[in-house]
Amino acid sequence: LLGGKAVAQTAAGDPANLPPNVADWSRYLGEGVAVRAYGRPSEHESHVIRRDVEWLTASRESSVSFTPLHELDGPITPNGLCFERHHGGIAELNPQDYRLVLHGLVDRELVFTLDDIKRMPRVNRAHFAECAANSGMEWRGAQLNGCQFTHGMIHCVMYTGVPLRVLLAEAGVKPTAKWLLLEGADASGMTRSLPMEKALDDCLVAYRMNGEMLRPENGYPVRMVVPGWEANMWVKWLRRIEVGDEPWYHREETSKYTDLLENGTARKFTFVMDAKSVITSPSPQAPINHGRGFTVISGLAWSGRGAISGVDVSLDGGRNWRPARLDGPVWGKALTRFYYELDWDGSPLLLQSRARDETGYVQPTKNELRAVRGLNSIYHNNGIQTWHVTAAGEVENVEVS
Amino acid sequence: LLGGKAVAQTAAGDPANLPPNVADWSRYLGEGVAVRAYGRPSEHESHVIRRDVEWLTASRESSVSFTPLHELDGPITPNGLCFERHHGGIAELNPQDYRLVLHGLVDRELVFTLDDIKRMPRVNRAHFAECAANSGMEWRGAQLNGCQFTHGMIHCVMYTGVPLRVLLAEAGVKPTAKWLLLEGADASGMTRSLPMEKALDDCLVAYRMNGEMLRPENGYPVRMVVPGWEANMWVKWLRRIEVGDEPWYHREETSKYTDLLENGTARKFTFVMDAKSVITSPSPQAPINHGRGFTVISGLAWSGRGAISGVDVSLDGGRNWRPARLDGPVWGKALTRFYYELDWDGSPLLLQSRARDETGYVQPTKNELRAVRGLNSIYHNNGIQTWHVTAAGEVENVEVS
Amino acid sequence: TDGAHPDLPTGLGLGRAAAPEEIAGWDIDVRPDGIGLPEGRGSVLEGEEIYVMQCAVCHGDFGESAGRWPMLAGGSGTLDSHDPVKTVGSYWPYASTLIDYIYRAMPYGNAQSLSANELYAVSAYVLYLNDVILDEDFELSHENYADIRLENEANFFPDDREAAEAHFWREPCMESCLPGTAEITMRARALDVTPEPGQGPTVD
Amino acid sequence: TDGAHPDLPTGLGLGRAAAPEEIAGWDIDVRPDGIGLPEGRGSVLEGEEIYVMQCAVCHGDFGESAGRWPMLAGGSGTLDSHDPVKTVGSYWPYASTLIDYIYRAMPYGNAQSLSANELYAVSAYVLYLNDVILDEDFELSHENYADIRLENEANFFPDDREAAEAHFWREPCMESCLPGTAEITMRARALDVTPEPGQGPTVD
Ligand SMILES: [Ca+2]
Ligand SMILES: [Ca+2]
Ligand SMILES: [Ca+2]
Ligand SMILES: [Ca+2]
Ligand SMILES: [Ca+2]
Ligand SMILES: [Ca+2]
Ligand SMILES: [Co+2]
Ligand SMILES: [Co+2]
């Protein structure tokens with residue numbers, strides 16, 4: 001036995017249902033099959049939901065709701081809990097009326113129905129989608145008390161989609177073509193410029209998530225998937241692709257999603273998401289309730305540059321590190337689950353995780369990032385997250401020296 | 001262009017929403033974030049559901065509802081569409097009252113709460129769960145006209161769970177122990193005997209599917225996962241594990257799930273699911289609506305003995321075969337997606353797929369199976385499935401010479 | 001990081017000791033060697049009363065089945081026929097299975113409600129319906145359970161697919177694998193046509 | 001079968017030719033070189049009328065913002081300060097962005113409703129609020145668009161993280177990586193405490 005005897009179990013429980021008694025659910029027939037033609041979680045999991053923070057934005061239609069990372073495990077996000085980030089609310093497209101126009105510097109200007117797209121050759125790939133503004137509220141210090149809020153603008157699902165290069169080949173791309181404009185059919189008319197090289201690499205015109213059609217809030221029926229790059233480029237409710245020779249410098253790639261540095265200049269075209277990680281449990285919304293002894297530290301790591309090669313965990317605010325265990329599939333540009341198993345002696349901890357990717361990049365501290373980028377770059381905060389664990393098992397978002 | 005010009009697109013669509021017109025969803029704000037705290041599919045996907053066939057069973061509480069395979073793609077089944085197979089309806093357990101008793105030939109007889117189980121070290125693995133009765137209705141010939149019904153007692157999700165060996169190590173297994181009894185808390189008190197060697201191999205005491213807690217109909221909060229073996233052994237609503245020295249020969253492993261041969265003897269302990277495959281599209285519920293030309297034949301393959309090594313497709317009822325393309329992750333004892341891209345000339349087809357696994361097993365024809373097992377073995381029908389495609393693109397479940 | 005499970009920590013000290021009285025309430029299983037049988041007794045005639053009140057509505061007065069509910073008796077000697085009928089008496093290997101199953105699952109809708117005496121009585125009656133017990137005065141108990149033997153006990157053998165189906169491990173044929181052109185020999189049933197009772201497929 | 005996409009068939013003949021008139025209705029984007037600008041014209045004064053009726057309720061009479069809605073004007077010269085204010089005039093590189101964005105997204109709740117003339121007028125007014133256009137009689141159009149230049153145009157440069165942050169590609173330190181014991185320097189905000197306007201973090 002590690003660290004002494006096991007802690008007493010969680011209190012409560014209706015004795016009528018506990019051994020040696022026999023619960024009603026062991027005696028009486030439950031609901032039959034196909035009553036729930038489409039299933040839903042147990043009512044006992046009704047606390048596991050996306051959440052927004054009302055005061056973070058002016059209106060719910062241009063806002064975000066966060067994935068409850070602290071309540072999940074493994075590398076896959078279930079469809080009903082994938083974060084939302086809208087700029088004009090959810091566009092509710094009728095699939096019969098869905099059209100994708102592909103035009104510009106192409107040999108053949110084309111329009112596709114959804115059936116056309118679903119007829120095309122496709123692939124299945126799991127990728128994380130992280131908004132570049134994820135953790136953006138944390139640049140100036142520890143702000144929001146929960147990994148759902150500090151890191152929850154991220155999800156990872158198995159996409160089914162047509163490689164964008166296949167679609168472009170149908171149109172025939174002219175030699176002068178260098179950039180695409182992706183445009184969405186929502187009320188924000190979301191647009192982003194996409195470099196041709198990336199378009200021909202691993203982008204997907206995707207319509208499924210974890211096997212079924214995209215959810216309305218995730219772009220039903222079709223969105224772009226731009227593996228490893230900021231999720232704003234993954235235009236939802238995709239209605240148009242224009243092939244051009246210059247970037248368009250539209251609002252989301254100038255006013256927004258550019259990274260202001262201390263000297264007043266700003267980086268543009270900061271597409272790729274740097275390697276990053278976060279401990280999801282323990283975390284402020286997932287305190288340690290079991291006391292001392294065996295404790296699993298669980299978290300996620302990801303990199304827009306490829307596969308995670310390892311994750312290290314620190315218990316002392318970054319002074320010393322130990323390698324964690326990667327578990328399950330390790331895909332490129334996808335979430336990877338890690339665990340660190342610990343015999344907790346009940347002393348306070350300053351927990352951190354640090355991702356390393358296959359290119360040799362090592363996740364920096366927030367101080368290291370701020371030294372380069374200042375405090376006002378808003379986006380691409382991939383700094384190491386610190387959780388302070390008290391002897392009582394409570395957890396708080398902190399920064400450390 | 002293949003096979004001539006592209007076929008005219010699907011008719012219909014409201015002109016007001018089609019280019020050059022601008023749809024309302026491009027003008028007016030949609031629903032805001034977190035209104036759907038837990039998401040659901042588009043209303044336009046309301047036809048994508050589990051279905052039962054009323055006359056297949058006496059009551060809905062001991063029955064099956066089938067995964068709509070023809071409406072899915074990729075290797076993962078979304079949680080809301082995972083088939084159900086109950087023997088006493090859905091047990092709706094209160095997680096506070098959940099207990100797992102582990103006793104018998106062990107050093108320490110233990111009881112665990114759900115919090116205890118969620119505290120333990122865990123892994124994440126995607127596995128198919130196939131009921132041994134899947135396709136059982138098809139032994140005597142082509143019966144049900146749709147892959148949802150012929151093959152839909154299967155799903156594949158990413159499980160999070162504790163290796164059973166970890167749980168057993170907490171109790172300390174005695175040297176005379178050879179078998180476990182797994183018992184569920186539902187109204188059927190489902191029991192199965194599990195050999196110790198398998199228990200110590202890759203079984204999981206699982207509580208998550210695709211990241212979130214199990215659905216009630218899939219065993220919330222805890223079920224056994226027995227990779228590659230028949231799903232009846234994956235006891236749902238797991239309440240008790242007894243460690244013993246002999247199999248129990250309970251009802252599900254004697255009256256049921258034994259395979260009667262022509263000579264009146266029966267195989268028992270037929271645990272492993274043989275390699276199998278099915279084309280999910282085209283299929284009777286997914287006819288070819290686009291006419292001649294480019295056509296993707298899509299399907300699933302799986303083996304309880306390990307990873308799929310390849311899938312072949314035949315267009316002529318098994319006379320000649322061509323290798324299909326495996327796509328996405330190829331996990332052991334999990335669903336693998338395959339595609340065969342075809343320039344369809346519009347002539348009738350007798351489509352078949354044939355799985356091959358890493359042990360060298362090749363999926364047999366139904367005739368080959370019947371030659372060994374007769375017509376009454378009910379379970380483990382992993383025979384090759386034939387779909388007849390007419391020139392009009394309609395698809396029917398048939399058998400061929 | 002996929003595939004085989006990693007070595008994980010053990011000796012975690014999780015869970016707590018289960019008291020014997022806790023375990024006893026859930027430890028309801030019965031084994032073929034009789035271990036787990038509750039103490040009790042009941043006669044065929046006592047079982048008939050219970051059966052008529054709690055079981056016959058679904059399983060029929062003689063275990064012949066009512067409506068679409070399962071059959072409990074009959075089919076002896078039919079296992080090697082074209083239409084085998086598998087019941088307690090014709091197919092099951094052990095009587096322990098019957099006693100175990102009735103207690104944990106029946107009557108359907110009120111499982112684990114029978115007392116030990118009622119359990120022996122109704123089990124005896126089901127065995128009587130199957131001509132396994134011939135004397136209506138017979139009283140079944142934990143003491144004489146071992147005298148009950150079922151006719152099909154010897155006819156099960158463990159999975160031999162790796163030997164009997166060894167020919168499925170083979171080089172895959174790619175061309176001219178079957179003679180001539182394929183002919184359709186059967187077509188599917190329309191799903192919305194309800195078959196005559198006993199005619200259509202069922203789920204087991 | 002994971003990772004890089006396989007070679008897939010091309011020349012499938014899918015989709016159909018898009019007619020120019022179809023495309024035109026959706027081809028609403030404007031580029032910095034002016035390609036895509038609709039034909040039209042509108043003055044600052046005309047724009048003021050539109051702005052007052054359709055925009056000021058959220059963006060403020062002077063583009064200073066109303067409530068929590070975004071600011072449109074101001075902040076010139078603040079970009080290198082501790083609290084930079086990024087608006088159309090202080091931060092945006094190109095006026096085309098403004099014209100493009102207003103048409104496709106504003107007013108919020110009635111996007112793509114402005115005529116070309118209204119678009120030029122209200123864009124001119126927003127530029128006027130930003131002291132980019134100084135003369136209230138100025139009429140903006142597709143013809144003189146190229147005269148409009150914004151002060152921050154030159155201050156963007158492409159992603160240089162691989163150079164400027166090359167030091168993040170390194171051997172990971174495992175021991176004594178930072179001096180002394182870690183001290184907590186900041187603690188989180190309680191989520192249910194609404195901060196004073198302008199005090200709390202926001203989502204961009
Ligand atoms: Ca608000
Ligand atoms: Ca029925
Ligand atoms: Ca027992
Ligand atoms: Ca009789
Ligand atoms: Ca254009
Ligand atoms: Ca002014
Ligand atoms: Co960026
Ligand atoms: Co079996």
# chains A, B, ... in the order shown; residues from 1 in each chain; ligands from 1
$ interface_residues --of "chain B" --to "chain D" --cutoff "12 Å" --atoms "only C-alpha atoms" --output "CSV table (one decimal) with N, CA, C and O atoms, in the first residue's frame"
chain,number,residue,atom,x,y,z
B,1,LEU,N,-12.3,13.9,-67.2
B,1,LEU,CA,-13.6,13.5,-66.6
B,1,LEU,C,-13.8,12.0,-66.8
B,1,LEU,O,-13.5,11.4,-67.9
B,2,LEU,N,-14.3,11.4,-65.8
B,2,LEU,CA,-14.6,9.9,-65.9
B,2,LEU,C,-16.0,9.7,-66.4
B,2,LEU,O,-16.9,10.3,-66.0
B,3,GLY,N,-16.1,8.7,-67.2
B,3,GLY,CA,-17.4,8.2,-67.6
B,3,GLY,C,-18.4,9.2,-68.1
B,3,GLY,O,-19.6,9.1,-68.0
B,4,GLY,N,-17.9,10.3,-68.7
B,4,GLY,CA,-18.8,11.3,-69.2
B,4,GLY,C,-19.1,12.4,-68.3
B,4,GLY,O,-18.6,12.5,-67.2
B,5,LYS,N,-19.9,13.3,-68.6
B,5,LYS,CA,-20.1,14.5,-67.8
B,5,LYS,C,-20.8,14.2,-66.5
B,5,LYS,O,-21.4,13.2,-66.3
B,6,ALA,N,-20.6,15.1,-65.6
B,6,ALA,CA,-21.2,14.9,-64.3
B,6,ALA,C,-22.7,14.9,-64.4
B,6,ALA,O,-23.3,15.5,-65.2
B,7,VAL,N,-23.2,14.1,-63.5
B,7,VAL,CA,-24.7,13.9,-63.5
B,7,VAL,C,-25.3,15.2,-62.9
B,7,VAL,O,-24.7,15.9,-62.0
B,8,ALA,N,-26.5,15.5,-63.3
B,8,ALA,CA,-27.2,16.7,-62.7
B,8,ALA,C,-27.3,16.6,-61.2
B,8,ALA,O,-27.5,15.5,-60.7
B,9,GLN,N,-27.1,17.7,-60.6
B,9,GLN,CA,-27.2,17.7,-59.1
B,9,GLN,C,-28.6,17.3,-58.6
B,9,GLN,O,-29.5,17.4,-59.3
B,10,THR,N,-28.6,17.0,-57.3
B,10,THR,CA,-29.8,16.7,-56.6
B,10,THR,C,-30.7,17.9,-56.8
B,10,THR,O,-30.4,19.1,-56.7
B,15,PRO,N,-34.6,28.4,-54.0
B,15,PRO,CA,-33.8,29.4,-54.8
B,15,PRO,C,-33.4,30.6,-54.0
B,15,PRO,O,-32.4,31.2,-54.2
B,16,ALA,N,-34.2,31.0,-53.0
B,16,ALA,CA,-33.9,32.2,-52.2
B,16,ALA,C,-32.6,32.0,-51.5
B,16,ALA,O,-32.0,33.0,-51.1
B,17,ASN,N,-32.2,30.7,-51.3
B,17,ASN,CA,-30.9,30.4,-50.5
B,17,ASN,C,-29.8,30.1,-51.4
B,17,ASN,O,-28.7,29.9,-50.9
B,18,LEU,N,-30.0,29.9,-52.7
B,18,LEU,CA,-29.0,29.5,-53.6
B,18,LEU,C,-28.3,30.7,-54.2
B,18,LEU,O,-28.9,31.7,-54.4
B,19,PRO,N,-27.0,30.5,-54.6
B,19,PRO,CA,-26.4,31.6,-55.3
B,19,PRO,C,-27.1,32.0,-56.6
B,19,PRO,O,-27.6,31.1,-57.3
B,20,PRO,N,-27.3,33.3,-57.0
B,20,PRO,CA,-26.6,34.4,-56.3
B,20,PRO,C,-27.4,35.0,-55.1
B,20,PRO,O,-26.9,36.0,-54.6
B,21,ASN,N,-28.4,34.4,-54.7
B,21,ASN,CA,-29.2,34.9,-53.6
B,21,ASN,C,-28.5,34.7,-52.3
B,21,ASN,O,-27.7,33.7,-52.1
B,22,VAL,N,-28.9,35.5,-51.3
B,22,VAL,CA,-28.2,35.4,-50.0
B,22,VAL,C,-29.3,34.9,-49.0
B,22,VAL,O,-30.3,35.5,-48.8
B,23,ALA,N,-28.9,33.8,-48.4
B,23,ALA,CA,-29.9,33.2,-47.4
B,23,ALA,C,-30.0,34.0,-46.1
B,23,ALA,O,-29.1,34.8,-45.8
B,24,ASP,N,-31.1,33.7,-45.5
B,24,ASP,CA,-31.3,34.4,-44.2
B,24,ASP,C,-30.2,34.1,-43.2
B,24,ASP,O,-29.9,35.0,-42.4
B,25,TRP,N,-29.7,32.9,-43.2
B,25,TRP,CA,-28.7,32.5,-42.3
B,25,TRP,C,-27.4,33.3,-42.5
B,25,TRP,O,-26.5,33.3,-41.6
B,26,SER,N,-27.3,34.0,-43.7
B,26,SER,CA,-26.1,34.8,-43.9
B,26,SER,C,-26.3,36.3,-43.5
B,26,SER,O,-25.4,37.1,-43.6
B,27,ARG,N,-27.5,36.6,-43.1
B,27,ARG,CA,-27.9,38.0,-42.8
B,27,ARG,C,-28.2,38.1,-41.3
B,27,ARG,O,-27.7,39.2,-40.7
B,28,TYR,N,-28.9,37.2,-40.7
B,28,TYR,CA,-29.5,37.4,-39.4
B,28,TYR,C,-28.8,36.6,-38.4
B,28,TYR,O,-28.4,35.4,-38.7
B,29,LEU,N,-28.6,37.1,-37.2
B,29,LEU,CA,-27.8,36.4,-36.2
B,29,LEU,C,-28.5,35.1,-35.8
B,29,LEU,O,-29.7,35.0,-35.7
B,30,GLY,N,-27.7,34.0,-35.7
B,30,GLY,CA,-28.2,32.7,-35.2
B,30,GLY,C,-28.2,32.6,-33.7
B,30,GLY,O,-27.9,33.6,-33.0
B,31,GLU,N,-28.4,31.5,-33.2
B,31,GLU,CA,-28.5,31.2,-31.8
B,31,GLU,C,-27.1,31.5,-31.2
B,31,GLU,O,-26.1,31.1,-31.8
B,74,GLY,N,-16.0,6.8,-41.3
B,74,GLY,CA,-14.8,6.8,-40.4
B,74,GLY,C,-14.9,5.5,-39.5
B,74,GLY,O,-15.8,4.7,-39.6
B,75,PRO,N,-14.0,5.4,-38.5
B,75,PRO,CA,-13.9,4.3,-37.7
B,75,PRO,C,-14.7,4.4,-36.3
B,75,PRO,O,-14.9,3.4,-35.6
B,290,HIS,N,-26.6,9.0,-57.5
B,290,HIS,CA,-25.9,9.9,-58.4
B,290,HIS,C,-25.6,9.4,-59.8
B,290,HIS,O,-25.0,10.0,-60.7
B,291,GLY,N,-26.1,8.2,-60.1
B,291,GLY,CA,-25.9,7.6,-61.4
B,291,GLY,C,-24.5,7.1,-61.6
B,291,GLY,O,-23.7,6.9,-60.7
B,292,ARG,N,-24.2,7.0,-62.9
B,292,ARG,CA,-22.9,6.4,-63.3
B,292,ARG,C,-21.7,7.4,-62.9
B,292,ARG,O,-22.0,8.5,-62.6
B,293,GLY,N,-20.5,6.9,-63.0
B,293,GLY,CA,-19.4,7.7,-62.8
B,293,GLY,C,-18.7,7.4,-61.5
B,293,GLY,O,-18.9,6.3,-60.9
B,294,PHE,N,-18.0,8.4,-61.0
B,294,PHE,CA,-17.2,8.2,-59.8
B,294,PHE,C,-18.1,7.8,-58.6
B,294,PHE,O,-19.1,8.4,-58.3
B,295,THR,N,-17.7,6.7,-58.0
B,295,THR,CA,-18.5,6.1,-56.9
B,295,THR,C,-17.5,5.6,-55.8
B,295,THR,O,-16.6,4.8,-56.1
B,296,VAL,N,-17.8,5.9,-54.6
B,296,VAL,CA,-17.0,5.4,-53.5
B,296,VAL,C,-17.7,4.3,-52.8
B,296,VAL,O,-18.9,4.5,-52.4
B,308,ILE,N,-6.8,-5.4,-38.6
B,308,ILE,CA,-7.1,-5.7,-40.0
B,308,ILE,C,-5.8,-5.5,-40.8
B,308,ILE,O,-5.2,-4.5,-40.7
B,309,SER,N,-5.5,-6.5,-41.7
B,309,SER,CA,-4.3,-6.3,-42.6
B,309,SER,C,-4.7,-5.8,-44.0
B,309,SER,O,-3.9,-5.2,-44.7
B,310,GLY,N,-6.0,-6.1,-44.3
B,310,GLY,CA,-6.4,-5.6,-45.6
B,310,GLY,C,-7.9,-6.0,-45.8
B,310,GLY,O,-8.5,-6.8,-45.1
B,325,ARG,N,-8.8,0.3,-50.1
B,325,ARG,CA,-7.9,1.2,-49.4
B,325,ARG,C,-8.3,1.3,-47.9
B,325,ARG,O,-9.4,1.7,-47.6
B,326,LEU,N,-7.4,1.0,-47.0
B,326,LEU,CA,-7.7,1.2,-45.6
B,326,LEU,C,-7.5,2.7,-45.3
B,326,LEU,O,-6.5,3.3,-45.8
B,327,ASP,N,-8.3,3.3,-44.5
B,327,ASP,CA,-8.2,4.7,-44.2
B,327,ASP,C,-8.3,5.0,-42.7
B,327,ASP,O,-9.1,4.5,-42.1
B,328,GLY,N,-7.4,6.0,-42.3
B,328,GLY,CA,-7.5,6.4,-40.9
B,328,GLY,C,-6.7,5.3,-40.0
B,328,GLY,O,-6.0,4.5,-40.5
B,329,PRO,N,-7.0,5.4,-38.7
B,329,PRO,CA,-6.2,4.6,-37.8
B,329,PRO,C,-6.6,3.1,-38.0
B,329,PRO,O,-7.8,2.8,-38.3
B,330,VAL,N,-5.6,2.2,-37.9
B,330,VAL,CA,-5.8,0.8,-38.0
B,330,VAL,C,-5.5,0.2,-36.6
B,330,VAL,O,-4.3,-0.1,-36.4
B,331,TRP,N,-6.4,0.2,-35.7
B,331,TRP,CA,-6.2,-0.3,-34.4
B,331,TRP,C,-6.5,-1.8,-34.3
B,331,TRP,O,-7.3,-2.4,-35.1
B,336,THR,N,-12.1,-0.7,-38.6
B,336,THR,CA,-11.2,0.0,-39.6
B,336,THR,C,-12.1,0.4,-40.8
B,336,THR,O,-12.9,-0.5,-41.3
B,337,ARG,N,-11.9,1.6,-41.2
B,337,ARG,CA,-12.7,2.1,-42.4
B,337,ARG,C,-12.0,1.7,-43.7
B,337,ARG,O,-10.7,1.8,-43.7
B,338,PHE,N,-12.7,1.2,-44.7
B,338,PHE,CA,-12.0,1.0,-46.0
B,338,PHE,C,-12.9,1.7,-47.1
B,338,PHE,O,-14.1,1.9,-46.9
B,339,TYR,N,-12.2,2.0,-48.2
B,339,TYR,CA,-12.9,2.6,-49.4
B,339,TYR,C,-12.4,1.9,-50.6
B,339,TYR,O,-11.2,1.4,-50.7
B,340,TYR,N,-13.3,1.8,-51.5
B,340,TYR,CA,-12.9,1.3,-52.9
B,340,TYR,C,-13.5,2.3,-53.9
B,340,TYR,O,-14.7,2.5,-53.9
B,341,GLU,N,-12.6,3.0,-54.6
B,341,GLU,CA,-13.1,4.1,-55.5
B,341,GLU,C,-13.2,3.5,-56.9
B,341,GLU,O,-12.3,2.8,-57.4
B,342,LEU,N,-14.3,3.7,-57.5
B,342,LEU,CA,-14.8,3.0,-58.7
B,342,LEU,C,-15.4,4.0,-59.7
B,342,LEU,O,-16.1,4.9,-59.3
B,343,ASP,N,-15.1,3.8,-60.9
B,343,ASP,CA,-15.8,4.5,-62.0
B,343,ASP,C,-16.9,3.6,-62.4
B,343,ASP,O,-16.7,2.7,-63.3
B,344,TRP,N,-18.1,3.8,-61.9
B,344,TRP,CA,-19.2,2.9,-62.1
B,344,TRP,C,-19.8,3.1,-63.5
B,344,TRP,O,-20.2,4.2,-63.9
$ residues_near_ligand --ligand "ligand 3" --cutoff "8 Å" --atoms "only C-alpha atoms and all ligand atoms" --output "PyMOL selection string"
(chain B and resi 104+242) or (chain C and resi 27-31+35-36)
$ write_last_selection --atoms "all heavy atoms" --output "mmCIF file, in the first residue's frame"
data_model
loop_
_atom_site.group_PDB
_atom_site.id
_atom_site.type_symbol
_atom_site.label_atom_id
_atom_site.label_comp_id
_atom_site.auth_asym_id
_atom_site.auth_seq_id
_atom_site.Cartn_x
_atom_site.Cartn_y
_atom_site.Cartn_z
ATOM 1 N N GLY B 104 -14.122 -13.409 -3.674
ATOM 2 C CA GLY B 104 -13.902 -14.800 -4.060
ATOM 3 C C GLY B 104 -12.475 -15.225 -3.753
ATOM 4 O O GLY B 104 -11.975 -14.966 -2.661
ATOM 5 N N GLU B 242 -16.685 -11.909 -9.242
ATOM 6 C CA GLU B 242 -16.283 -12.974 -8.315
ATOM 7 C C GLU B 242 -15.146 -13.741 -8.958
ATOM 8 O O GLU B 242 -15.213 -14.093 -10.147
ATOM 9 C CB GLU B 242 -17.460 -13.914 -7.999
ATOM 10 C CG GLU B 242 -17.066 -15.041 -7.036
ATOM 11 C CD GLU B 242 -18.249 -15.805 -6.486
ATOM 12 O OE1 GLU B 242 -19.406 -15.343 -6.650
ATOM 13 O OE2 GLU B 242 -18.028 -16.863 -5.869
ATOM 14 N N ASP C 27 -24.156 -11.988 -3.593
ATOM 15 C CA ASP C 27 -23.464 -13.210 -4.030
ATOM 16 C C ASP C 27 -24.473 -14.299 -4.332
ATOM 17 O O ASP C 27 -24.572 -15.306 -3.622
ATOM 18 C CB ASP C 27 -22.480 -13.629 -2.927
ATOM 19 C CG ASP C 27 -21.585 -14.780 -3.358
ATOM 20 O OD1 ASP C 27 -21.520 -15.078 -4.561
ATOM 21 O OD2 ASP C 27 -20.958 -15.388 -2.457
ATOM 22 N N ILE C 28 -25.242 -14.099 -5.403
ATOM 23 C CA ILE C 28 -26.431 -14.913 -5.656
ATOM 24 C C ILE C 28 -26.188 -16.029 -6.663
ATOM 25 O O ILE C 28 -27.093 -16.782 -6.980
ATOM 26 C CB ILE C 28 -27.579 -14.028 -6.180
ATOM 27 C CG1 ILE C 28 -27.146 -13.314 -7.486
ATOM 28 C CG2 ILE C 28 -27.984 -13.015 -5.107
ATOM 29 C CD1 ILE C 28 -28.272 -12.565 -8.166
ATOM 30 N N ASP C 29 -24.962 -16.149 -7.152
ATOM 31 C CA ASP C 29 -24.732 -17.090 -8.232
ATOM 32 C C ASP C 29 -24.693 -18.531 -7.748
ATOM 33 O O ASP C 29 -24.325 -18.816 -6.617
ATOM 34 C CB ASP C 29 -23.413 -16.770 -8.934
ATOM 35 C CG ASP C 29 -22.261 -16.733 -7.954
ATOM 36 O OD1 ASP C 29 -22.147 -15.705 -7.241
ATOM 37 O OD2 ASP C 29 -21.518 -17.739 -7.861
ATOM 38 N N VAL C 30 -25.071 -19.405 -8.673
ATOM 39 C CA VAL C 30 -25.031 -20.842 -8.411
ATOM 40 C C VAL C 30 -24.124 -21.486 -9.455
ATOM 41 O O VAL C 30 -24.192 -21.149 -10.630
ATOM 42 C CB VAL C 30 -26.440 -21.466 -8.497
ATOM 43 C CG1 VAL C 30 -26.391 -22.954 -8.180
ATOM 44 C CG2 VAL C 30 -27.405 -20.749 -7.554
ATOM 45 N N ARG C 31 -23.290 -22.402 -9.020
ATOM 46 C CA ARG C 31 -22.370 -23.104 -9.913
ATOM 47 C C ARG C 31 -22.860 -24.524 -10.178
ATOM 48 O O ARG C 31 -23.646 -25.062 -9.383
ATOM 49 C CB ARG C 31 -20.970 -23.192 -9.293
ATOM 50 C CG ARG C 31 -20.310 -21.884 -9.081
ATOM 51 C CD ARG C 31 -19.075 -21.935 -8.177
ATOM 52 N NE ARG C 31 -18.306 -23.152 -8.150
ATOM 53 C CZ ARG C 31 -16.958 -23.175 -8.157
ATOM 54 N NH1 ARG C 31 -16.276 -22.038 -8.242
ATOM 55 N NH2 ARG C 31 -16.320 -24.319 -8.046
ATOM 56 N N ILE C 35 -22.171 -25.156 -5.516
ATOM 57 C CA ILE C 35 -21.726 -24.056 -4.661
ATOM 58 C C ILE C 35 -22.550 -22.808 -4.988
ATOM 59 O O ILE C 35 -22.724 -22.448 -6.146
ATOM 60 C CB ILE C 35 -20.228 -23.801 -4.842
ATOM 61 C CG1 ILE C 35 -19.434 -24.977 -4.247
ATOM 62 C CG2 ILE C 35 -19.809 -22.467 -4.200
ATOM 63 C CD1 ILE C 35 -17.936 -24.846 -4.407
ATOM 64 N N GLY C 36 -23.062 -22.180 -3.960
ATOM 65 C CA GLY C 36 -23.897 -20.996 -4.130
ATOM 66 C C GLY C 36 -25.370 -21.275 -3.990
ATOM 67 O O GLY C 36 -26.179 -20.337 -3.902
#
$ closest_residue --among "B:Leu335, B:Met233, B:Ile279, B:Val226" --to "chain A" --atoms "only C-alpha atoms"
B:Leu335
$ residues_near_ligand --ligand "ligand 4" --cutoff "7 Å" --atoms "only C-alpha atoms and all ligand atoms" --output "MDAnalysis selection string"
chainID C and resid 128:131
$ residues_near_ligand --ligand "ligand 7" --cutoff "7 Å" --atoms "only C-alpha atoms and all ligand atoms" --output "VMD selection string"
chain A and resid 132 230 257 to 259 269 to 272 379 to 380
$ residues_near_ligand --ligand "ligand 8" --cutoff "12 Å" --atoms "only C-alpha atoms and all ligand atoms" --output "PyMOL selection string"
(chain B and resi 130-134+136+192+228-233+252-260+266-274+304+377-382) or (chain C and resi 158-161+204)
$ residues_around --residues "stretch 313-317 of chain B" --least-positions-apart "5" --cutoff "10 Å" --atoms "only C-alpha atoms" --output "PyMOL selection string"
(chain B and resi 278-279+297+299+322-325+338-340+348-355+384-389+398-401) or (chain C and resi 174-175+177-178+181-184)
$ residues_near_ligand --ligand "ligand 2" --cutoff "7 Å" --atoms "only C-alpha atoms and all ligand atoms" --output "JSON, numbers by chain"
{"B": [54, 55, 56, 57, 58, 59, 60]}
